[in-house]
>>> print(open('work-v4.cif').read())   # mmCIF, C-alpha atoms
data_structure
#
loop_
_atom_site.group_PDB
_atom_site.id
_atom_site.type_symbol
_atom_site.label_atom_id
_atom_site.label_comp_id
_atom_site.auth_asym_id
_atom_site.auth_seq_id
_atom_site.Cartn_x
_atom_site.Cartn_y
_atom_site.Cartn_z
ATOM 1 C CA MET A 35 -42.431 57.520 37.561
ATOM 2 C CA PHE A 36 -45.440 59.393 36.257
ATOM 3 C CA ASP A 37 -47.285 61.516 38.819
ATOM 4 C CA TYR A 38 -50.875 60.278 38.916
ATOM 5 C CA PHE A 39 -51.779 62.700 41.685
ATOM 6 C CA PRO A 40 -50.490 66.098 40.512
ATOM 7 C CA GLU A 41 -50.919 69.243 42.559
ATOM 8 C CA ASP A 42 -52.378 71.033 39.538
ATOM 9 C CA HIS A 43 -56.138 70.453 39.695
ATOM 10 C CA SER A 44 -56.897 71.827 36.238
ATOM 11 C CA ARG A 45 -59.425 69.650 34.433
ATOM 12 C CA LYS A 46 -57.583 69.249 31.108
ATOM 13 C CA PRO A 47 -54.342 67.670 32.438
ATOM 14 C CA LEU A 48 -56.305 65.437 34.820
ATOM 15 C CA ILE A 49 -58.463 64.092 31.994
ATOM 16 C CA SER A 50 -55.265 63.510 30.037
ATOM 17 C CA ILE A 51 -53.950 61.381 32.935
ATOM 18 C CA GLN A 52 -57.199 59.387 33.008
ATOM 19 C CA LYS A 53 -56.971 58.729 29.277
ATOM 20 C CA ASP A 54 -53.347 57.630 29.627
ATOM 21 C CA VAL A 55 -54.295 55.148 32.317
ATOM 22 C CA ALA A 56 -57.309 53.913 30.341
ATOM 23 C CA GLN A 57 -55.055 53.163 27.376
ATOM 24 C CA ARG A 58 -52.586 51.215 29.523
ATOM 25 C CA ALA A 59 -55.113 49.258 31.571
ATOM 26 C CA TYR A 60 -55.328 45.571 30.775
ATOM 27 C CA ILE A 61 -59.042 44.819 30.699
ATOM 28 C CA HIS A 62 -59.667 41.204 29.754
ATOM 29 C CA ASP A 63 -61.591 38.384 31.360
ATOM 30 C CA ASP A 64 -58.724 35.933 31.628
ATOM 31 C CA PHE A 65 -58.686 35.198 35.335
ATOM 32 C CA ASN A 66 -57.669 31.604 35.820
ATOM 33 C CA ASP A 67 -57.291 30.908 39.505
ATOM 34 C CA ILE A 68 -59.055 33.475 41.668
ATOM 35 C CA LYS A 69 -58.464 32.903 45.366
ATOM 36 C CA LEU A 70 -59.012 36.302 46.963
ATOM 37 C CA ILE A 71 -61.435 39.097 46.105
ATOM 38 C CA ALA A 72 -61.786 42.496 47.750
ATOM 39 C CA GLY A 73 -64.057 45.488 47.853
ATOM 40 C CA ILE A 74 -63.054 49.044 48.680
ATOM 41 C CA ASP A 75 -65.062 52.194 49.289
ATOM 42 C CA GLN A 76 -64.817 55.603 50.886
ATOM 43 C CA ALA A 77 -66.758 57.817 53.261
ATOM 44 C CA PHE A 78 -66.242 61.489 54.016
ATOM 45 C CA THR A 79 -66.851 63.788 56.934
ATOM 46 C CA GLY A 80 -65.790 67.355 56.383
ATOM 47 C CA LYS A 81 -62.188 67.294 55.150
ATOM 48 C CA ILE A 82 -61.565 63.715 56.345
ATOM 49 C CA ILE A 83 -61.702 60.649 54.075
ATOM 50 C CA PHE A 84 -62.075 57.080 55.326
ATOM 51 C CA SER A 85 -61.199 54.215 52.977
ATOM 52 C CA GLY A 86 -62.063 50.677 53.934
ATOM 53 C CA ILE A 87 -61.052 47.481 52.159
ATOM 54 C CA ILE A 88 -62.163 43.950 52.940
ATOM 55 C CA VAL A 89 -60.586 40.815 51.450
ATOM 56 C CA LEU A 90 -62.644 37.624 51.117
ATOM 57 C CA ASP A 91 -61.858 34.072 50.173
ATOM 58 C CA TYR A 92 -63.441 33.689 46.739
ATOM 59 C CA TYR A 93 -64.920 30.250 47.421
ATOM 60 C CA SER A 94 -65.992 30.379 51.066
ATOM 61 C CA HIS A 95 -66.681 34.144 51.239
ATOM 62 C CA GLU A 96 -64.925 34.136 54.621
ATOM 63 C CA ILE A 97 -63.238 37.380 55.615
ATOM 64 C CA VAL A 98 -59.480 37.047 55.219
ATOM 65 C CA GLU A 99 -58.431 40.588 56.101
ATOM 66 C CA ARG A 100 -59.714 44.115 56.694
ATOM 67 C CA GLU A 101 -57.815 47.380 56.492
ATOM 68 C CA PHE A 102 -58.596 51.061 56.464
ATOM 69 C CA SER A 103 -57.054 54.456 55.979
ATOM 70 C CA ILE A 104 -58.017 57.810 57.448
ATOM 71 C CA GLY A 105 -56.631 60.959 55.909
ATOM 72 C CA GLU A 106 -57.208 64.517 54.904
ATOM 73 C CA VAL A 107 -58.947 65.289 51.622
ATOM 74 C CA ASN A 108 -56.437 67.118 49.436
ATOM 75 C CA PHE A 109 -58.409 67.343 46.222
ATOM 76 C CA PRO A 110 -61.670 69.167 45.462
ATOM 77 C CA TYR A 111 -64.884 67.399 44.520
ATOM 78 C CA ILE A 112 -64.921 67.395 40.707
ATOM 79 C CA PRO A 113 -67.425 65.044 39.013
ATOM 80 C CA THR A 114 -65.705 62.424 36.797
ATOM 81 C CA LEU A 115 -62.394 63.074 38.598
ATOM 82 C CA LEU A 116 -63.163 61.367 41.901
ATOM 83 C CA GLY A 117 -60.238 58.970 41.526
ATOM 84 C CA PHE A 118 -57.882 61.856 42.201
ATOM 85 C CA ARG A 119 -59.793 62.715 45.385
ATOM 86 C CA GLU A 120 -60.142 59.136 46.644
ATOM 87 C CA GLY A 121 -57.076 57.468 45.124
ATOM 88 C CA PRO A 122 -54.409 58.354 47.700
ATOM 89 C CA SER A 123 -56.579 57.077 50.553
ATOM 90 C CA MET A 124 -57.435 53.886 48.652
ATOM 91 C CA ILE A 125 -53.756 53.247 47.971
ATOM 92 C CA SER A 126 -52.927 53.817 51.628
ATOM 93 C CA ALA A 127 -55.477 51.202 52.729
ATOM 94 C CA TYR A 128 -54.427 48.775 49.971
ATOM 95 C CA GLU A 129 -50.740 49.014 50.851
ATOM 96 C CA LYS A 130 -51.486 47.891 54.417
ATOM 97 C CA LEU A 131 -52.849 44.553 53.196
ATOM 98 C CA LYS A 132 -50.871 41.403 53.879
ATOM 99 C CA ASN A 133 -53.128 39.413 51.499
ATOM 100 C CA HIS A 134 -53.442 41.159 48.152
ATOM 101 C CA PRO A 135 -56.588 40.220 46.204
ATOM 102 C CA ASP A 136 -56.693 38.737 42.731
ATOM 103 C CA VAL A 137 -59.700 40.973 41.989
ATOM 104 C CA LEU A 138 -60.461 44.366 43.537
ATOM 105 C CA ILE A 139 -63.942 45.856 43.165
ATOM 106 C CA LYS A 140 -64.572 49.564 43.609
ATOM 107 C CA ALA A 141 -68.149 50.773 43.672
ATOM 108 C CA SER A 142 -68.523 53.987 41.718
ATOM 109 C CA SER A 143 -70.991 56.040 39.805
ATOM 110 C CA ALA A 144 -70.957 55.713 36.053
ATOM 111 C CA ALA A 145 -68.015 57.359 34.347
ATOM 112 C CA PRO A 146 -68.402 59.128 31.020
ATOM 113 C CA PRO A 147 -67.421 57.111 27.934
ATOM 114 C CA GLY A 148 -63.666 56.832 27.579
ATOM 115 C CA LEU A 149 -62.995 57.496 31.253
ATOM 116 C CA HIS A 150 -63.689 54.064 32.691
ATOM 117 C CA CYS A 151 -60.432 54.019 34.644
ATOM 118 C CA VAL A 152 -61.430 56.678 37.130
ATOM 119 C CA TYR A 153 -60.838 54.221 39.977
ATOM 120 C CA ALA A 154 -59.004 51.379 38.326
ATOM 121 C CA ARG A 155 -55.731 53.279 38.162
ATOM 122 C CA ALA A 156 -55.485 53.987 41.841
ATOM 123 C CA PRO A 157 -55.059 50.680 43.668
ATOM 124 C CA ARG A 158 -52.261 49.192 41.612
ATOM 125 C CA VAL A 159 -54.192 48.052 38.623
ATOM 126 C CA HIS A 160 -52.021 45.916 36.402
ATOM 127 C CA THR A 161 -51.218 47.777 33.237
ATOM 128 C CA ARG A 162 -49.352 46.748 30.147
ATOM 129 C CA GLY A 163 -47.419 49.147 27.983
#
>>> encode(input="work-v4.cif", output="structure tokens")
Amino acid sequence: MFDYFPEDHSRKPLISIQKDVAQRAYIHDDFNDIKLIAGIDQAFTGKIIFSGIIVLDYYSHEIVEREFSIGEVNFPYIPTLLGFREGPSMISAYEKLKNHPDVLIKASSAAPPGLHCVYARAPRVHTRG
């Protein structure tokens, strides 16, 4: 399996990983039967990262499940490469879910053109290819 969280923090190979993921991401509006939606975000204090995810029923907006992850930040702050900093914590929170959402929303700042998968690759985005 490809290592999406390498120990080498050099910008060039990390951008290459982002481009690889962007090419494999399946980005089409063909959702047919959405039942569960979720939102995920992070907060930091010092070297600690908190990721929280909340799953809602799409129709009633009732909370179905909540999970979180607390961990150590193992990646420096590099603009446009925040997925590498936040991804492991997001995955940890996501993997605790008993009810996986049909749609997962991650709030983020705008990514430069061509790098729109900064966050999409982390929490098990469905890719084709």
>>> atom_distance(input="work-v4.cif", atom1="atom CA of A:Ile83", atom2="atom CA of A:Ser103")
8.0 Å
>>> residues_around(input="work-v4.cif", residues="stretch 61-69 of chain A", least_positions_apart="3", cutoff="7 Å", atoms="all atoms listed in the file", output="mmCIF file with C-alpha atoms, in the frame of the given file")
data_model
loop_
_atom_site.group_PDB
_atom_site.id
_atom_site.type_symbol
_atom_site.label_atom_id
_atom_site.label_comp_id
_atom_site.auth_asym_id
_atom_site.auth_seq_id
_atom_site.Cartn_x
_atom_site.Cartn_y
_atom_site.Cartn_z
ATOM 1 C CA ASP A 91 -61.858 34.072 50.173
ATOM 2 C CA TYR A 92 -63.441 33.689 46.739
ATOM 3 C CA ASP A 136 -56.693 38.737 42.731
#
>>> resolve_selection(input="work-v4.cif", expression="the PyMOL selection byres ((chain A and resi 89) around 12)", output="tab-separated table (two decimals) with C-alpha atoms, in the coordinates of the input")
chain	number	residue	atom	x	y	z
A	69	LYS	CA	-58.46	32.90	45.37
A	70	LEU	CA	-59.01	36.30	46.96
A	71	ILE	CA	-61.44	39.10	46.10
A	72	ALA	CA	-61.79	42.50	47.75
A	73	GLY	CA	-64.06	45.49	47.85
A	74	ILE	CA	-63.05	49.04	48.68
A	86	GLY	CA	-62.06	50.68	53.93
A	87	ILE	CA	-61.05	47.48	52.16
A	88	ILE	CA	-62.16	43.95	52.94
A	90	LEU	CA	-62.64	37.62	51.12
A	91	ASP	CA	-61.86	34.07	50.17
A	92	TYR	CA	-63.44	33.69	46.74
A	94	SER	CA	-65.99	30.38	51.07
A	95	HIS	CA	-66.68	34.14	51.24
A	96	GLU	CA	-64.92	34.14	54.62
A	97	ILE	CA	-63.24	37.38	55.62
A	98	VAL	CA	-59.48	37.05	55.22
A	99	GLU	CA	-58.43	40.59	56.10
A	100	ARG	CA	-59.71	44.12	56.69
A	101	GLU	CA	-57.82	47.38	56.49
A	102	PHE	CA	-58.60	51.06	56.46
A	127	ALA	CA	-55.48	51.20	52.73
A	128	TYR	CA	-54.43	48.78	49.97
A	130	LYS	CA	-51.49	47.89	54.42
A	131	LEU	CA	-52.85	44.55	53.20
A	132	LYS	CA	-50.87	41.40	53.88
A	133	ASN	CA	-53.13	39.41	51.50
A	134	HIS	CA	-53.44	41.16	48.15
A	135	PRO	CA	-56.59	40.22	46.20
A	136	ASP	CA	-56.69	38.74	42.73
A	137	VAL	CA	-59.70	40.97	41.99
A	138	LEU	CA	-60.46	44.37	43.54
A	139	ILE	CA	-63.94	45.86	43.16
>>> residues_around(input="work-v4.cif", residues="A:Gly80", least_positions_apart="4", cutoff="12 Å", atoms="all atoms listed in the file", output="NGL selection string")
:A and (84 or 105-108 or 110-111)
>>> closest_residue(input="work-v4.cif", among="A:Ile51, A:Glu120, A:Ile125, A:His43", to="A:Gln76", atoms="all atoms listed in the file")
A:Glu120
>>> atom_distance(input="work-v4.cif", atom1="atom CA of A:Ala56", atom2="atom CA of A:Phe78")
26.4 Å
>>> atom_distance(input="work-v4.cif", atom1="atom CA of A:Ile104", atom2="atom CA of A:Ile82")
7.0 Å
>>> residues_around(input="work-v4.cif", residues="A:Glu41", least_positions_apart="2", cutoff="12 Å", atoms="all atoms listed in the file", output="mmCIF file with C-alpha atoms, keeping the file's coordinate frame")
data_model
loop_
_atom_site.group_PDB
_atom_site.id
_atom_site.type_symbol
_atom_site.label_atom_id
_atom_site.label_comp_id
_atom_site.auth_asym_id
_atom_site.auth_seq_id
_atom_site.Cartn_x
_atom_site.Cartn_y
_atom_site.Cartn_z
ATOM 1 C CA ASP A 37 -47.285 61.516 38.819
ATOM 2 C CA TYR A 38 -50.875 60.278 38.916
ATOM 3 C CA PHE A 39 -51.779 62.700 41.685
ATOM 4 C CA HIS A 43 -56.138 70.453 39.695
ATOM 5 C CA SER A 44 -56.897 71.827 36.238
ATOM 6 C CA ARG A 45 -59.425 69.650 34.433
ATOM 7 C CA PRO A 47 -54.342 67.670 32.438
ATOM 8 C CA LEU A 48 -56.305 65.437 34.820
ATOM 9 C CA ASN A 108 -56.437 67.118 49.436
ATOM 10 C CA PHE A 109 -58.409 67.343 46.222
ATOM 11 C CA PRO A 110 -61.670 69.167 45.462
ATOM 12 C CA PHE A 118 -57.882 61.856 42.201
ATOM 13 C CA ARG A 119 -59.793 62.715 45.385
#
>>> closest_residue(input="work-v4.cif", among="A:Leu115, A:Tyr93, A:Asp75, A:Met124", to="A:Lys46", atoms="only C-alpha atoms")
A:Leu115
>>> decode(input="work-v4.cif", residues="stretch 115-146 of chain A", atoms="N, CA, C and O atoms", output="PDB file, in the first residue's frame")
ATOM      1  N   LEU A 115      -0.386  21.900   2.859  1.00  0.00           N
ATOM      2  CA  LEU A 115      -0.079  20.504   3.167  1.00  0.00           C
ATOM      3  C   LEU A 115      -0.677  20.098   4.511  1.00  0.00           C
ATOM      4  O   LEU A 115      -0.171  19.212   5.199  1.00  0.00           O
ATOM      5  N   LEU A 116      -1.772  20.739   4.892  1.00  0.00           N
ATOM      6  CA  LEU A 116      -2.363  20.481   6.201  1.00  0.00           C
ATOM      7  C   LEU A 116      -2.956  19.082   6.324  1.00  0.00           C
ATOM      8  O   LEU A 116      -3.072  18.553   7.427  1.00  0.00           O
ATOM      9  N   GLY A 117      -3.303  18.467   5.208  1.00  0.00           N
ATOM     10  CA  GLY A 117      -3.833  17.103   5.266  1.00  0.00           C
ATOM     11  C   GLY A 117      -2.844  16.129   5.879  1.00  0.00           C
ATOM     12  O   GLY A 117      -3.229  15.181   6.555  1.00  0.00           O
ATOM     13  N   PHE A 118      -1.559  16.362   5.655  1.00  0.00           N
ATOM     14  CA  PHE A 118      -0.549  15.487   6.238  1.00  0.00           C
ATOM     15  C   PHE A 118      -0.442  15.693   7.744  1.00  0.00           C
ATOM     16  O   PHE A 118      -0.136  14.773   8.486  1.00  0.00           O
ATOM     17  N   ARG A 119      -0.710  16.891   8.197  1.00  0.00           N
ATOM     18  CA  ARG A 119      -0.664  17.217   9.632  1.00  0.00           C
ATOM     19  C   ARG A 119      -1.918  16.705  10.344  1.00  0.00           C
ATOM     20  O   ARG A 119      -1.856  16.180  11.444  1.00  0.00           O
ATOM     21  N   GLU A 120      -3.071  16.857   9.695  1.00  0.00           N
ATOM     22  CA  GLU A 120      -4.347  16.529  10.329  1.00  0.00           C
ATOM     23  C   GLU A 120      -4.868  15.142   9.986  1.00  0.00           C
ATOM     24  O   GLU A 120      -5.688  14.582  10.702  1.00  0.00           O
ATOM     25  N   GLY A 121      -4.402  14.582   8.875  1.00  0.00           N
ATOM     26  CA  GLY A 121      -4.927  13.315   8.373  1.00  0.00           C
ATOM     27  C   GLY A 121      -4.893  12.151   9.347  1.00  0.00           C
ATOM     28  O   GLY A 121      -5.916  11.481   9.549  1.00  0.00           O
ATOM     29  N   PRO A 122      -3.754  11.858   9.971  1.00  0.00           N
ATOM     30  CA  PRO A 122      -3.732  10.706  10.883  1.00  0.00           C
ATOM     31  C   PRO A 122      -4.752  10.813  12.012  1.00  0.00           C
ATOM     32  O   PRO A 122      -5.400   9.833  12.370  1.00  0.00           O
ATOM     33  N   SER A 123      -4.937  11.993  12.559  1.00  0.00           N
ATOM     34  CA  SER A 123      -5.911  12.185  13.630  1.00  0.00           C
ATOM     35  C   SER A 123      -7.341  12.034  13.113  1.00  0.00           C
ATOM     36  O   SER A 123      -8.207  11.451  13.777  1.00  0.00           O
ATOM     37  N   MET A 124      -7.598  12.557  11.902  1.00  0.00           N
ATOM     38  CA  MET A 124      -8.925  12.404  11.306  1.00  0.00           C
ATOM     39  C   MET A 124      -9.238  10.926  11.070  1.00  0.00           C
ATOM     40  O   MET A 124     -10.340  10.462  11.360  1.00  0.00           O
ATOM     41  N   ILE A 125      -8.273  10.197  10.558  1.00  0.00           N
ATOM     42  CA  ILE A 125      -8.476   8.772  10.301  1.00  0.00           C
ATOM     43  C   ILE A 125      -8.745   8.036  11.605  1.00  0.00           C
ATOM     44  O   ILE A 125      -9.625   7.177  11.672  1.00  0.00           O
ATOM     45  N   SER A 126      -8.014   8.386  12.644  1.00  0.00           N
ATOM     46  CA  SER A 126      -8.212   7.743  13.941  1.00  0.00           C
ATOM     47  C   SER A 126      -9.638   7.945  14.454  1.00  0.00           C
ATOM     48  O   SER A 126     -10.275   7.004  14.931  1.00  0.00           O
ATOM     49  N   ALA A 127     -10.151   9.162  14.343  1.00  0.00           N
ATOM     50  CA  ALA A 127     -11.530   9.432  14.775  1.00  0.00           C
ATOM     51  C   ALA A 127     -12.523   8.698  13.878  1.00  0.00           C
ATOM     52  O   ALA A 127     -13.481   8.085  14.360  1.00  0.00           O
ATOM     53  N   TYR A 128     -12.293   8.736  12.567  1.00  0.00           N
ATOM     54  CA  TYR A 128     -13.196   8.095  11.607  1.00  0.00           C
ATOM     55  C   TYR A 128     -13.281   6.590  11.836  1.00  0.00           C
ATOM     56  O   TYR A 128     -14.356   5.997  11.776  1.00  0.00           O
ATOM     57  N   GLU A 129     -12.147   5.964  12.100  1.00  0.00           N
ATOM     58  CA  GLU A 129     -12.120   4.515  12.278  1.00  0.00           C
ATOM     59  C   GLU A 129     -12.852   4.045  13.537  1.00  0.00           C
ATOM     60  O   GLU A 129     -13.206   2.881  13.641  1.00  0.00           O
ATOM     61  N   LYS A 130     -13.119   4.941  14.457  1.00  0.00           N
ATOM     62  CA  LYS A 130     -13.874   4.588  15.661  1.00  0.00           C
ATOM     63  C   LYS A 130     -15.377   4.535  15.405  1.00  0.00           C
ATOM     64  O   LYS A 130     -16.121   3.981  16.213  1.00  0.00           O
ATOM     65  N   LEU A 131     -15.822   5.125  14.302  1.00  0.00           N
ATOM     66  CA  LEU A 131     -17.254   5.189  14.017  1.00  0.00           C
ATOM     67  C   LEU A 131     -17.860   3.800  13.804  1.00  0.00           C
ATOM     68  O   LEU A 131     -17.276   2.949  13.148  1.00  0.00           O
ATOM     69  N   LYS A 132     -19.048   3.629  14.339  1.00  0.00           N
ATOM     70  CA  LYS A 132     -19.837   2.428  14.067  1.00  0.00           C
ATOM     71  C   LYS A 132     -20.767   2.671  12.876  1.00  0.00           C
ATOM     72  O   LYS A 132     -21.199   1.748  12.213  1.00  0.00           O
ATOM     73  N   ASN A 133     -21.106   3.944  12.631  1.00  0.00           N
ATOM     74  CA  ASN A 133     -22.006   4.346  11.550  1.00  0.00           C
ATOM     75  C   ASN A 133     -21.234   5.236  10.580  1.00  0.00           C
ATOM     76  O   ASN A 133     -21.086   6.427  10.813  1.00  0.00           O
ATOM     77  N   HIS A 134     -20.739   4.651   9.506  1.00  0.00           N
ATOM     78  CA  HIS A 134     -19.965   5.427   8.548  1.00  0.00           C
ATOM     79  C   HIS A 134     -20.888   6.244   7.642  1.00  0.00           C
ATOM     80  O   HIS A 134     -21.864   5.714   7.115  1.00  0.00           O
ATOM     81  N   PRO A 135     -20.556   7.534   7.473  1.00  0.00           N
ATOM     82  CA  PRO A 135     -21.422   8.420   6.680  1.00  0.00           C
ATOM     83  C   PRO A 135     -21.329   8.169   5.188  1.00  0.00           C
ATOM     84  O   PRO A 135     -20.322   7.662   4.682  1.00  0.00           O
ATOM     85  N   ASP A 136     -22.389   8.531   4.489  1.00  0.00           N
ATOM     86  CA  ASP A 136     -22.393   8.505   3.030  1.00  0.00           C
ATOM     87  C   ASP A 136     -21.628   9.705   2.478  1.00  0.00           C
ATOM     88  O   ASP A 136     -21.048   9.638   1.404  1.00  0.00           O
ATOM     89  N   VAL A 137     -21.645  10.806   3.226  1.00  0.00           N
ATOM     90  CA  VAL A 137     -20.946  12.036   2.843  1.00  0.00           C
ATOM     91  C   VAL A 137     -20.208  12.548   4.069  1.00  0.00           C
ATOM     92  O   VAL A 137     -20.779  12.632   5.155  1.00  0.00           O
ATOM     93  N   LEU A 138     -18.938  12.900   3.881  1.00  0.00           N
ATOM     94  CA  LEU A 138     -18.115  13.459   4.953  1.00  0.00           C
ATOM     95  C   LEU A 138     -17.644  14.844   4.525  1.00  0.00           C
ATOM     96  O   LEU A 138     -17.058  15.002   3.452  1.00  0.00           O
ATOM     97  N   ILE A 139     -17.910  15.837   5.353  1.00  0.00           N
ATOM     98  CA  ILE A 139     -17.556  17.220   5.043  1.00  0.00           C
ATOM     99  C   ILE A 139     -16.418  17.638   5.952  1.00  0.00           C
ATOM    100  O   ILE A 139     -16.478  17.460   7.168  1.00  0.00           O
ATOM    101  N   LYS A 140     -15.382  18.200   5.349  1.00  0.00           N
ATOM    102  CA  LYS A 140     -14.240  18.710   6.107  1.00  0.00           C
ATOM    103  C   LYS A 140     -14.089  20.177   5.788  1.00  0.00           C
ATOM    104  O   LYS A 140     -13.842  20.539   4.642  1.00  0.00           O
ATOM    105  N   ALA A 141     -14.248  21.019   6.785  1.00  0.00           N
ATOM    106  CA  ALA A 141     -14.034  22.450   6.587  1.00  0.00           C
ATOM    107  C   ALA A 141     -12.548  22.683   6.392  1.00  0.00           C
ATOM    108  O   ALA A 141     -11.722  22.101   7.082  1.00  0.00           O
ATOM    109  N   SER A 142     -12.212  23.508   5.412  1.00  0.00           N
ATOM    110  CA  SER A 142     -10.795  23.814   5.194  1.00  0.00           C
ATOM    111  C   SER A 142     -10.674  25.151   4.494  1.00  0.00           C
ATOM    112  O   SER A 142     -11.623  25.656   3.920  1.00  0.00           O
ATOM    113  N   SER A 143      -9.477  25.687   4.548  1.00  0.00           N
ATOM    114  CA  SER A 143      -9.221  26.898   3.789  1.00  0.00           C
ATOM    115  C   SER A 143      -9.027  26.509   2.334  1.00  0.00           C
ATOM    116  O   SER A 143      -8.809  25.350   2.014  1.00  0.00           O
ATOM    117  N   ALA A 144      -9.111  27.455   1.475  1.00  0.00           N
ATOM    118  CA  ALA A 144      -9.013  27.168   0.039  1.00  0.00           C
ATOM    119  C   ALA A 144      -7.656  26.571  -0.303  1.00  0.00           C
ATOM    120  O   ALA A 144      -6.628  27.039   0.158  1.00  0.00           O
ATOM    121  N   ALA A 145      -7.667  25.545  -1.102  1.00  0.00           N
ATOM    122  CA  ALA A 145      -6.435  24.921  -1.569  1.00  0.00           C
ATOM    123  C   ALA A 145      -6.072  25.523  -2.922  1.00  0.00           C
ATOM    124  O   ALA A 145      -6.944  25.933  -3.680  1.00  0.00           O
ATOM    125  N   PRO A 146      -4.799  25.569  -3.230  1.00  0.00           N
ATOM    126  CA  PRO A 146      -4.394  26.075  -4.544  1.00  0.00           C
ATOM    127  C   PRO A 146      -4.956  25.199  -5.663  1.00  0.00           C
ATOM    128  O   PRO A 146      -5.236  24.022  -5.427  1.00  0.00           O
TER     129      PRO A 146
END
